[in-house]
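Take a look at the structure below.
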Amino acid sequence: MSTPAFTARVPATSANLGPGFDALGLALTLYDEVTAATTGNGVTVEVIGEGAGEVPADERHLVVRTMRAAWDRMGAAQPENLTLRCHNRIPHGRGLGSSSAAICAGILLARALAGAEPEDTRHRADAKLSAPSAKPFSDQDVYALADELEGHPDNVAPCLAGGFTIAWRGPGAGPGLARLEPSPEIRPVALVPGTRLLTETARGLLPAAVPHADAAANAGRAALLVAALTQRPDLLLPATEDRLHQDYREPGMPDTLDLVRRLRARGVPAVVSGAGPTVLAFSSGETLDSIASEVGNAWHIQPLNVDRDGAHVLFA
Ligand SMILES: Nc1ncnc2c1ncn2[C@@H]1O[C@H](COP(=O)(O)OP(=O)(O)O)[C@@H](O)[C@H]1O
Ligand SMILES: N[C@@H](CCOP(=O)(O)O)C(=O)O
C-alpha cells in the first residue's frame with residue numbers, strides 16, 4: 001500500500017479593504033503550494049521562495065504546528081513522520097495573508113491525510129489509501145479552526161472560499177462567512193514594500209475604543225463597499241475610506257500611509273492591505289499609469305486578479 005501525498009494550493013488575501021476591519025476580505029491570484037506526506041524520517045520541511053532560510057524547518061514551522069492542531073481537533077493519530085515541501089509566493093509580514101494561507105494549507109492537508117474530508121469532497125477514489133483515521137471534519141470545522149489559530153476571520157474566509165467575503169464571529173456556533181462574487185471590473189494591484197510589519201505588532205497600535213462618529217462612518221462605508229465591489233466599482237473611492245485602523249497604524253508604516261493618501265488624492269482607491277505595510281489599489285486601465293508614476297522604485301507593483309475558487313487540495 002503506497003502512502004498518499006497531497007498538495008494544497010492556497011491564495012493570498014487582502015483583508016479590511018479600508019473600512020471592513022476584521023470582516024471584509026478579497027482572495028488574490030497569488031498562491032502558495034504545500035505538498036505533504038506522512039513519510040520520511042521524522043519531520044522535514046523544504047521551503048522554496050518566500051520565507052526560505054527564515055522560517056523554521058521543524059516542528060515549529062507554522063504549517064506543521066497547524067497540522068498537529070488539526071489532527072488533535074479531529075481525533076486523528078499524530079504521525080511520527082511528515083515531509084513537507086512548500087513553494088511560497090506570498091510574501092511574509094506584508095499584509096497579504098501569508099499566515100492565513102499557511103494555516104488553511106495545514107488544516108486542509110491534515111484533513112486529507114487523515115481521510116477526514118466530508119463524503120462529497122473526499123480524495124478516496126484511490127483504493128490504495130488506508131481507512132480514514134478520523135471522523136469527517138466539515139468545511140465549517142476547517143473555517144472555525146483556521147479562525148481560531150489566525151485570531152481573526154477576515155483572511156481565512158476568502159482564502160478558503162475565494163472571491164469577496166464578509167466574515168463575522170458569534171454569538172453562537174462558530175464564525176460565519178458570506179461569499180459574494182466581485183464585479184469583473186475589480187482589478188487589484190498590490191504595491192509591496194521591502195519592509196515588513198507583523199500583524200501582531202500592527203494590532204498592538206490600535207486603541208481600545210474609538211469615537212462613535214468614526215464607528216458610524218465606517219459602518220456606512222463598509223456597507224457601501226459591498227455594493228462597490230459587487231456592482232458599483234465607480235463608488236470604490238468613497239467606499240474605501242477608513243477611520244478605525246489605518247491612521248492609528250501610521251507610526252508602524254509611515255511610507256504606506258503616505259502612499260495611500262497620495263494615490264487617493266489622485267482619485268485612485270487605495271487602502272492598507274490587511275495590517276500592512278502593502279498598499280492595495282484598485283486600478284482601471286487609465287489609473288495603472290498614475291499608480292506607477294506615484295509609487296516609484298521602492299515598491300514592487302504587482303497587478304493581480306481576484307481568485308474566485310479559494311483553497312483546494314489535490315493528490316500530489
Ligand atoms: N508559509 C509560511 N510558512 C511558515 N511560516 C509562515 C508562513 N507564512 C507566514 N508564516 C509566519 O507568519 C509570519 C507572518 O504572519 P503575519 O504577521 O500574520 O503576516 P501576514 O500579513 O503575511 O500574514 C511570518 O513571519 C512567519 O513566521
Ligand atoms: N484584520 C486584520 C487583518 C490582518 O491581515 P494580514 O494579512 O496583515 O495578516 C488586521 O488588520 O489586523
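In the C-alpha cells, chains take the letters A, B, ... in the order shown, each chain's residues start at 1, and ligands count up from 1 in the order shown.
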Practice prompt. Check which residues fall inside 8 Å of ligand 1 when counting only C-alpha atoms and all ligand atoms, and print them as number ranges by chain.
Written response: A: 32, 50-51, 55-56, 61-63, 86, 88, 90-102, 150, 197-201, 274-276
May I have the residues from that selection written out with N, CA and C atoms, as an mmCIF file, in the first residue's frame?
data_model
loop_
_atom_site.group_PDB
_atom_site.id
_atom_site.type_symbol
_atom_site.label_atom_id
_atom_site.label_comp_id
_atom_site.auth_asym_id
_atom_site.auth_seq_id
_atom_site.Cartn_x
_atom_site.Cartn_y
_atom_site.Cartn_z
ATOM 1 N N ASP A 32 0.493 30.070 -2.582
ATOM 2 C CA ASP A 32 1.467 29.140 -2.011
ATOM 3 C C ASP A 32 0.990 27.726 -2.340
ATOM 4 N N GLU A 50 9.417 32.485 -0.869
ATOM 5 C CA GLU A 50 9.263 33.368 0.294
ATOM 6 C C GLU A 50 9.472 32.584 1.596
ATOM 7 N N GLY A 51 10.256 33.143 2.475
ATOM 8 C CA GLY A 51 10.488 32.523 3.789
ATOM 9 C C GLY A 51 11.610 31.499 3.788
ATOM 10 N N VAL A 55 12.067 30.754 7.895
ATOM 11 C CA VAL A 55 11.107 30.061 8.762
ATOM 12 C C VAL A 55 11.737 28.752 9.249
ATOM 13 N N PRO A 56 11.364 28.287 10.449
ATOM 14 C CA PRO A 56 11.961 27.045 10.957
ATOM 15 C C PRO A 56 11.572 25.851 10.085
ATOM 16 N N HIS A 61 7.541 24.959 12.498
ATOM 17 C CA HIS A 61 7.023 25.550 11.255
ATOM 18 C C HIS A 61 5.499 25.712 11.360
ATOM 19 N N LEU A 62 4.990 26.852 10.901
ATOM 20 C CA LEU A 62 3.566 27.152 11.080
ATOM 21 C C LEU A 62 2.649 26.083 10.474
ATOM 22 N N VAL A 63 3.023 25.554 9.312
ATOM 23 C CA VAL A 63 2.160 24.523 8.698
ATOM 24 C C VAL A 63 2.182 23.245 9.546
ATOM 25 N N CYS A 86 7.226 23.249 0.591
ATOM 26 C CA CYS A 86 6.459 24.496 0.478
ATOM 27 C C CYS A 86 7.035 25.329 -0.654
ATOM 28 N N ASN A 88 6.497 28.827 -1.815
ATOM 29 C CA ASN A 88 5.812 30.030 -1.333
ATOM 30 C C ASN A 88 5.990 31.216 -2.268
ATOM 31 N N ILE A 90 3.654 34.023 -1.569
ATOM 32 C CA ILE A 90 3.043 35.120 -0.799
ATOM 33 C C ILE A 90 4.104 35.673 0.156
ATOM 34 N N PRO A 91 4.439 36.966 0.027
ATOM 35 C CA PRO A 91 5.486 37.495 0.917
ATOM 36 C C PRO A 91 5.027 37.507 2.371
ATOM 37 N N HIS A 92 5.977 37.318 3.294
ATOM 38 C CA HIS A 92 5.631 37.219 4.724
ATOM 39 C C HIS A 92 5.634 38.598 5.393
ATOM 40 N N GLY A 93 4.670 38.790 6.294
ATOM 41 C CA GLY A 93 4.640 40.014 7.093
ATOM 42 C C GLY A 93 4.389 41.262 6.277
ATOM 43 N N ARG A 94 3.653 41.135 5.176
ATOM 44 C CA ARG A 94 3.398 42.287 4.294
ATOM 45 C C ARG A 94 1.924 42.661 4.228
ATOM 46 N N GLY A 95 1.038 41.905 4.894
ATOM 47 C CA GLY A 95 -0.387 42.231 4.816
ATOM 48 C C GLY A 95 -1.097 41.558 3.665
ATOM 49 N N LEU A 96 -0.544 40.432 3.201
ATOM 50 C CA LEU A 96 -1.191 39.687 2.111
ATOM 51 C C LEU A 96 -1.602 38.278 2.560
ATOM 52 N N GLY A 97 -1.773 38.129 3.878
ATOM 53 C CA GLY A 97 -2.366 36.895 4.395
ATOM 54 C C GLY A 97 -1.492 35.657 4.314
ATOM 55 N N SER A 98 -0.155 35.818 4.451
ATOM 56 C CA SER A 98 0.701 34.622 4.351
ATOM 57 C C SER A 98 0.426 33.640 5.489
ATOM 58 N N SER A 99 0.207 34.159 6.703
ATOM 59 C CA SER A 99 -0.003 33.233 7.820
ATOM 60 C C SER A 99 -1.353 32.518 7.675
ATOM 61 N N SER A 100 -2.363 33.239 7.181
ATOM 62 C CA SER A 100 -3.662 32.582 6.954
ATOM 63 C C SER A 100 -3.541 31.491 5.905
ATOM 64 N N ALA A 101 -2.787 31.784 4.842
ATOM 65 C CA ALA A 101 -2.621 30.780 3.782
ATOM 66 C C ALA A 101 -1.934 29.538 4.339
ATOM 67 N N ALA A 102 -0.902 29.749 5.170
ATOM 68 C CA ALA A 102 -0.178 28.604 5.748
ATOM 69 C C ALA A 102 -1.116 27.797 6.660
ATOM 70 N N GLU A 150 -5.668 31.750 13.543
ATOM 71 C CA GLU A 150 -5.218 33.032 12.986
ATOM 72 C C GLU A 150 -5.578 34.195 13.915
ATOM 73 N N LEU A 197 5.898 44.283 8.522
ATOM 74 C CA LEU A 197 5.280 44.653 9.802
ATOM 75 C C LEU A 197 4.437 43.460 10.223
ATOM 76 N N LEU A 198 4.774 42.860 11.356
ATOM 77 C CA LEU A 198 3.993 41.702 11.787
ATOM 78 C C LEU A 198 2.586 42.151 12.182
ATOM 79 N N THR A 199 1.603 41.342 11.844
ATOM 80 C CA THR A 199 0.203 41.666 12.159
ATOM 81 C C THR A 199 0.035 41.914 13.657
ATOM 82 N N GLU A 200 0.707 41.098 14.444
ATOM 83 C CA GLU A 200 0.603 41.244 15.906
ATOM 84 C C GLU A 200 1.049 42.647 16.338
ATOM 85 N N THR A 201 2.138 43.136 15.739
ATOM 86 C CA THR A 201 2.647 44.473 16.080
ATOM 87 C C THR A 201 1.639 45.530 15.650
ATOM 88 N N GLY A 274 -4.640 44.483 4.600
ATOM 89 C CA GLY A 274 -4.571 43.814 5.892
ATOM 90 C C GLY A 274 -3.989 44.752 6.930
ATOM 91 N N ALA A 275 -2.995 44.237 7.672
ATOM 92 C CA ALA A 275 -2.334 45.053 8.693
ATOM 93 C C ALA A 275 -1.110 45.747 8.128
ATOM 94 N N GLY A 276 -0.945 45.743 6.783
ATOM 95 C CA GLY A 276 0.142 46.440 6.127
ATOM 96 C C GLY A 276 1.442 45.652 6.171
#
Worksheet item: Any idea what's packed within 8 Å of region 173-181 of chain A, counting only C-alpha atoms, ignoring anything in its chain fewer than 4 positions away? Could you give it as a ChimeraX atom specification?
Response: /A:143-144,147,153,157-158,161-169,230,308
Item to complete: With a distance cut-off of 9 Å and only C-alpha atoms, select the neighbouring residues of Pro303 (chain A), excluding the residue or stretch itself and same-chain residues fewer than 5 positions from it, and output the selection as an MDAnalysis selection string.
Response: chainID A and resid 187:191 283 288
Response to the item:
Counting only C-alpha atoms and all ligand atoms, closest pick from A:Thr256, A:Thr13, A:Thr7, A:Ser293 relative to ligand 2 is A:Thr13
Item to complete: Tell me, as a ChimeraX atom specification, which residues lie within 12 Å of Ala281 (chain A), counting only C-alpha atoms; anything in the same chain fewer than 4 positions away does not count.
Response: /A:14,17-18,186-192,236-237,240,256,259-264,266-273,287-288,290-292,294-295,301-305
Write the residues you've just listed into a file as a short mmCIF file (atom, residue, chain, number, x, y, z; two decimals), in the first residue's frame, and include N, CA, C and O atoms for each of them.
data_model
loop_
_atom_site.label_atom_id
_atom_site.label_comp_id
_atom_site.auth_asym_id
_atom_site.auth_seq_id
_atom_site.Cartn_x
_atom_site.Cartn_y
_atom_site.Cartn_z
N SER A 14 -6.34 39.90 0.82
CA SER A 14 -6.21 41.25 1.35
C SER A 14 -7.42 41.49 2.24
O SER A 14 -8.56 41.41 1.77
N LEU A 17 -9.77 45.97 3.51
CA LEU A 17 -10.17 46.71 2.29
C LEU A 17 -10.62 48.14 2.63
O LEU A 17 -11.52 48.68 2.00
N GLY A 18 -10.00 48.70 3.65
CA GLY A 18 -10.38 50.03 4.12
C GLY A 18 -11.27 49.92 5.34
O GLY A 18 -10.81 49.62 6.45
N ILE A 186 -13.24 44.62 -11.12
CA ILE A 186 -12.33 44.82 -9.98
C ILE A 186 -10.93 44.34 -10.36
O ILE A 186 -10.73 43.16 -10.65
N ARG A 187 -9.97 45.26 -10.36
CA ARG A 187 -8.58 44.94 -10.72
C ARG A 187 -7.65 45.33 -9.57
O ARG A 187 -7.18 46.47 -9.50
N PRO A 188 -7.37 44.40 -8.65
CA PRO A 188 -6.50 44.75 -7.53
C PRO A 188 -5.03 44.84 -7.95
O PRO A 188 -4.57 44.04 -8.79
N VAL A 189 -4.33 45.80 -7.40
CA VAL A 189 -2.88 45.91 -7.62
C VAL A 189 -2.24 45.97 -6.24
O VAL A 189 -2.59 46.85 -5.43
N ALA A 190 -1.32 45.07 -5.97
CA ALA A 190 -0.60 45.11 -4.69
C ALA A 190 0.68 45.91 -4.88
O ALA A 190 1.43 45.67 -5.83
N LEU A 191 0.92 46.85 -3.98
CA LEU A 191 2.14 47.65 -4.00
C LEU A 191 2.92 47.22 -2.76
O LEU A 191 2.57 47.59 -1.63
N VAL A 192 3.93 46.40 -2.99
CA VAL A 192 4.58 45.70 -1.87
C VAL A 192 5.94 46.34 -1.56
O VAL A 192 6.82 46.37 -2.42
N LEU A 236 -15.82 53.01 -5.63
CA LEU A 236 -14.75 52.47 -4.79
C LEU A 236 -14.00 53.52 -3.99
O LEU A 236 -13.56 53.26 -2.87
N LEU A 237 -13.85 54.73 -4.54
CA LEU A 237 -13.07 55.74 -3.80
C LEU A 237 -13.77 56.11 -2.48
O LEU A 237 -13.17 55.95 -1.40
N THR A 240 -13.90 53.10 0.13
CA THR A 240 -12.71 52.53 0.79
C THR A 240 -12.15 53.45 1.89
O THR A 240 -11.04 53.25 2.35
N THR A 256 3.65 53.79 4.01
CA THR A 256 2.42 53.18 3.49
C THR A 256 1.27 54.17 3.54
O THR A 256 0.54 54.36 2.55
N LEU A 259 1.70 56.86 0.95
CA LEU A 259 1.35 56.43 -0.41
C LEU A 259 -0.17 56.30 -0.58
O LEU A 259 -0.73 56.70 -1.61
N VAL A 260 -0.83 55.75 0.43
CA VAL A 260 -2.30 55.64 0.36
C VAL A 260 -2.89 57.02 0.13
O VAL A 260 -3.75 57.22 -0.75
N ARG A 261 -2.43 58.02 0.88
CA ARG A 261 -3.00 59.38 0.76
C ARG A 261 -2.70 59.98 -0.61
O ARG A 261 -3.57 60.62 -1.22
N ARG A 262 -1.48 59.79 -1.11
CA ARG A 262 -1.13 60.38 -2.41
C ARG A 262 -1.96 59.75 -3.53
O ARG A 262 -2.44 60.43 -4.43
N LEU A 263 -2.13 58.44 -3.47
CA LEU A 263 -2.94 57.77 -4.50
C LEU A 263 -4.39 58.22 -4.44
O LEU A 263 -5.02 58.51 -5.46
N ARG A 264 -4.92 58.31 -3.23
CA ARG A 264 -6.33 58.73 -3.08
C ARG A 264 -6.52 60.16 -3.57
O ARG A 264 -7.53 60.48 -4.18
N ARG A 266 -5.10 61.41 -5.98
CA ARG A 266 -5.16 61.32 -7.45
C ARG A 266 -6.41 60.60 -7.93
O ARG A 266 -6.53 60.29 -9.12
N GLY A 267 -7.28 60.23 -6.99
CA GLY A 267 -8.53 59.57 -7.38
C GLY A 267 -8.43 58.05 -7.47
O GLY A 267 -9.36 57.39 -7.95
N VAL A 268 -7.29 57.48 -7.00
CA VAL A 268 -7.14 56.02 -7.05
C VAL A 268 -7.61 55.43 -5.72
O VAL A 268 -7.07 55.78 -4.67
N PRO A 269 -8.60 54.52 -5.71
CA PRO A 269 -8.99 53.88 -4.46
C PRO A 269 -7.82 53.04 -3.94
O PRO A 269 -7.39 52.09 -4.59
N ALA A 270 -7.28 53.43 -2.80
CA ALA A 270 -6.12 52.74 -2.24
C ALA A 270 -6.32 52.58 -0.75
O ALA A 270 -6.87 53.48 -0.09
N VAL A 271 -5.88 51.44 -0.22
CA VAL A 271 -6.05 51.13 1.20
C VAL A 271 -4.80 50.43 1.71
O VAL A 271 -3.97 49.97 0.92
N VAL A 272 -4.69 50.32 3.03
CA VAL A 272 -3.66 49.46 3.62
C VAL A 272 -4.15 48.03 3.47
O VAL A 272 -5.27 47.71 3.88
N SER A 273 -3.34 47.16 2.88
CA SER A 273 -3.75 45.76 2.72
C SER A 273 -3.57 45.03 4.05
O SER A 273 -2.46 44.98 4.59
N THR A 287 -5.86 54.25 -14.63
CA THR A 287 -5.18 54.60 -13.37
C THR A 287 -3.89 53.83 -13.15
O THR A 287 -3.09 54.21 -12.32
N LEU A 288 -3.68 52.73 -13.88
CA LEU A 288 -2.47 51.94 -13.63
C LEU A 288 -1.23 52.81 -13.88
O LEU A 288 -0.25 52.74 -13.14
N SER A 290 -1.05 56.15 -13.51
CA SER A 290 -0.91 57.07 -12.37
C SER A 290 -0.31 56.36 -11.19
O SER A 290 0.50 56.92 -10.45
N ILE A 291 -0.75 55.12 -10.97
CA ILE A 291 -0.22 54.37 -9.82
C ILE A 291 1.29 54.21 -9.99
O ILE A 291 2.06 54.52 -9.09
N ALA A 292 1.71 53.77 -11.18
CA ALA A 292 3.14 53.53 -11.42
C ALA A 292 3.95 54.81 -11.23
O ALA A 292 5.01 54.80 -10.60
N GLU A 294 3.23 57.41 -9.35
CA GLU A 294 3.19 57.87 -7.95
C GLU A 294 4.06 56.99 -7.04
O GLU A 294 4.62 57.45 -6.06
N VAL A 295 4.17 55.72 -7.42
CA VAL A 295 4.76 54.74 -6.50
C VAL A 295 6.29 54.77 -6.46
O VAL A 295 6.89 54.65 -5.39
N ILE A 301 5.37 46.65 -7.81
CA ILE A 301 3.98 46.79 -8.30
C ILE A 301 3.52 45.45 -8.86
O ILE A 301 4.09 44.95 -9.83
N GLN A 302 2.49 44.86 -8.24
CA GLN A 302 2.05 43.53 -8.65
C GLN A 302 0.57 43.55 -9.03
O GLN A 302 -0.31 43.41 -8.16
N PRO A 303 0.26 43.75 -10.32
CA PRO A 303 -1.15 43.67 -10.75
C PRO A 303 -1.65 42.22 -10.58
O PRO A 303 -0.96 41.29 -10.98
N LEU A 304 -2.80 42.06 -9.96
CA LEU A 304 -3.34 40.73 -9.70
C LEU A 304 -4.78 40.67 -10.17
O LEU A 304 -5.34 41.68 -10.61
N ASN A 305 -5.38 39.50 -10.04
CA ASN A 305 -6.82 39.37 -10.25
C ASN A 305 -7.45 38.84 -8.98
O ASN A 305 -6.74 38.47 -8.03
#
Practice prompt. Can you work out which one of A:Glu46, A:Asp247, A:Asp307, A:Glu80 has the shortest atom-to-atom distance to ligand 2, counting only C-alpha atoms and all ligand atoms?
Written response: A:Asp247
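Residue-level DSSP output for region 84-296 of chain A, from the backbone, shows strand (DSSP E) at Leu84, Arg85, Cys86, His87, Asn88, Phe164, Thr165, Ile166, Ala167, Trp168, Gly176, Leu177, Ala178, Arg179, Leu180, Pro188, Val189, Ala190, Leu191, Val192, Pro193, Ala270, Val271, Val272, Val279, Leu280, Ala281 and Phe282 of chain A.
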Keeping only N, CA and C atoms, write the selected residues to a file as a JSON list (two decimals), in the first residue's frame.
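out_14.json, written as the output of this step:
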[["chain", "number", "residue", "atom", "x", "y", "z"],
["A", 84, "LEU", "N", 7.21, 17.84, 4.28],
["A", 84, "LEU", "CA", 6.51, 18.99, 3.68],
["A", 84, "LEU", "C", 7.41, 19.63, 2.64],
["A", 85, "ARG", "N", 6.82, 20.00, 1.52],
["A", 85, "ARG", "CA", 7.54, 20.83, 0.54],
["A", 85, "ARG", "C", 6.68, 22.06, 0.29],
["A", 86, "CYS", "N", 7.23, 23.25, 0.59],
["A", 86, "CYS", "CA", 6.46, 24.50, 0.48],
["A", 86, "CYS", "C", 7.03, 25.33, -0.65],
["A", 87, "HIS", "N", 6.20, 25.63, -1.62],
["A", 87, "HIS", "CA", 6.60, 26.56, -2.68],
["A", 87, "HIS", "C", 5.83, 27.85, -2.42],
["A", 88, "ASN", "N", 6.50, 28.83, -1.82],
["A", 88, "ASN", "CA", 5.81, 30.03, -1.33],
["A", 88, "ASN", "C", 5.99, 31.22, -2.27],
["A", 164, "PHE", "N", -14.92, 37.51, -2.76],
["A", 164, "PHE", "CA", -15.03, 38.57, -1.75],
["A", 164, "PHE", "C", -15.87, 38.03, -0.61],
["A", 165, "THR", "N", -15.37, 38.14, 0.61],
["A", 165, "THR", "CA", -16.12, 37.56, 1.72],
["A", 165, "THR", "C", -16.36, 38.58, 2.83],
["A", 166, "ILE", "N", -17.47, 38.38, 3.51],
["A", 166, "ILE", "CA", -17.80, 39.12, 4.73],
["A", 166, "ILE", "C", -17.79, 38.06, 5.83],
["A", 167, "ALA", "N", -16.94, 38.28, 6.83],
["A", 167, "ALA", "CA", -16.82, 37.28, 7.90],
["A", 167, "ALA", "C", -17.28, 37.89, 9.21],
["A", 168, "TRP", "N", -17.82, 37.07, 10.09],
["A", 168, "TRP", "CA", -18.21, 37.55, 11.41],
["A", 168, "TRP", "C", -18.05, 36.43, 12.42],
["A", 176, "GLY", "N", -19.02, 32.92, 10.99],
["A", 176, "GLY", "CA", -19.81, 32.82, 9.76],
["A", 176, "GLY", "C", -19.10, 33.52, 8.62],
["A", 177, "LEU", "N", -19.50, 33.16, 7.40],
["A", 177, "LEU", "CA", -18.98, 33.90, 6.24],
["A", 177, "LEU", "C", -20.03, 33.94, 5.15],
["A", 178, "ALA", "N", -20.08, 35.09, 4.47],
["A", 178, "ALA", "CA", -20.91, 35.21, 3.27],
["A", 178, "ALA", "C", -19.96, 35.50, 2.12],
["A", 179, "ARG", "N", -20.06, 34.68, 1.06],
["A", 179, "ARG", "CA", -19.18, 34.87, -0.09],
["A", 179, "ARG", "C", -19.95, 35.55, -1.20],
["A", 180, "LEU", "N", -19.38, 36.63, -1.73],
["A", 180, "LEU", "CA", -20.02, 37.35, -2.83],
["A", 180, "LEU", "C", -19.10, 37.33, -4.04],
["A", 188, "PRO", "N", -7.37, 44.40, -8.65],
["A", 188, "PRO", "CA", -6.50, 44.75, -7.53],
["A", 188, "PRO", "C", -5.03, 44.84, -7.95],
["A", 189, "VAL", "N", -4.33, 45.80, -7.40],
["A", 189, "VAL", "CA", -2.88, 45.91, -7.62],
["A", 189, "VAL", "C", -2.24, 45.97, -6.24],
["A", 190, "ALA", "N", -1.32, 45.07, -5.97],
["A", 190, "ALA", "CA", -0.60, 45.11, -4.69],
["A", 190, "ALA", "C", 0.68, 45.91, -4.88],
["A", 191, "LEU", "N", 0.92, 46.85, -3.98],
["A", 191, "LEU", "CA", 2.14, 47.65, -4.00],
["A", 191, "LEU", "C", 2.92, 47.22, -2.76],
["A", 192, "VAL", "N", 3.93, 46.40, -2.99],
["A", 192, "VAL", "CA", 4.58, 45.70, -1.87],
["A", 192, "VAL", "C", 5.94, 46.34, -1.56],
["A", 193, "PRO", "N", 6.12, 46.85, -0.32],
["A", 193, "PRO", "CA", 7.41, 47.42, 0.03],
["A", 193, "PRO", "C", 8.39, 46.33, 0.48],
["A", 270, "ALA", "N", -7.28, 53.43, -2.80],
["A", 270, "ALA", "CA", -6.12, 52.74, -2.24],
["A", 270, "ALA", "C", -6.32, 52.58, -0.75],
["A", 271, "VAL", "N", -5.88, 51.44, -0.22],
["A", 271, "VAL", "CA", -6.05, 51.13, 1.20],
["A", 271, "VAL", "C", -4.80, 50.43, 1.71],
["A", 272, "VAL", "N", -4.69, 50.32, 3.03],
["A", 272, "VAL", "CA", -3.66, 49.46, 3.62],
["A", 272, "VAL", "C", -4.15, 48.03, 3.47],
["A", 279, "VAL", "N", 0.29, 48.28, 0.15],
["A", 279, "VAL", "CA", -0.87, 49.08, -0.23],
["A", 279, "VAL", "C", -1.64, 48.29, -1.29],
["A", 280, "LEU", "N", -2.96, 48.23, -1.14],
["A", 280, "LEU", "CA", -3.80, 47.62, -2.17],
["A", 280, "LEU", "C", -4.53, 48.75, -2.89],
["A", 281, "ALA", "N", -4.34, 48.81, -4.22],
["A", 281, "ALA", "CA", -5.05, 49.83, -5.01],
["A", 281, "ALA", "C", -5.97, 49.11, -5.98],
["A", 282, "PHE", "N", -7.04, 49.79, -6.35],
["A", 282, "PHE", "CA", -7.94, 49.24, -7.37],
["A", 282, "PHE", "C", -7.72, 50.07, -8.62]]
Worksheet item: Got a sec to tell me which of region 86-203 of chain A DSSP assigns to alpha helix (DSSP H), as a PyMOL selection string?
Response: chain A and resi 98-113+139-150+156-161+199-203
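With only C-alpha atoms and all ligand atoms as the atoms that count, the residue of A:Leu205, A:Leu235, A:Val142, A:Ala114 with the shortest distance to ligand 2 is A:Leu205.
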Worksheet, complete the sentence: What separates CA of His152 (chain A) and CA of Ala228 (chain A) is a distance of 23.7 Å
Worksheet entry | Atomic separation - CA of Ala8 (chain A) relative to CA of Ala105 (chain A), Å |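 Going from CA of Ala105 (chain A) over to CA of Ala8 (chain A), I get 5.5 Å.
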Worksheet item: What is the CA of Cys159 (chain A)-CA of Cys104 (chain A) distance in Å, reported with one decimal?
Response: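 It comes out at 7.3 Å.
For region 206-208 of chain A, the list of residues within 10 Å, based on only C-alpha atoms and with local chain neighbours fewer than 6 positions off taken out, reads Leu244, His245, Gln246, Asp247, Tyr248 and Arg249 of chain A.
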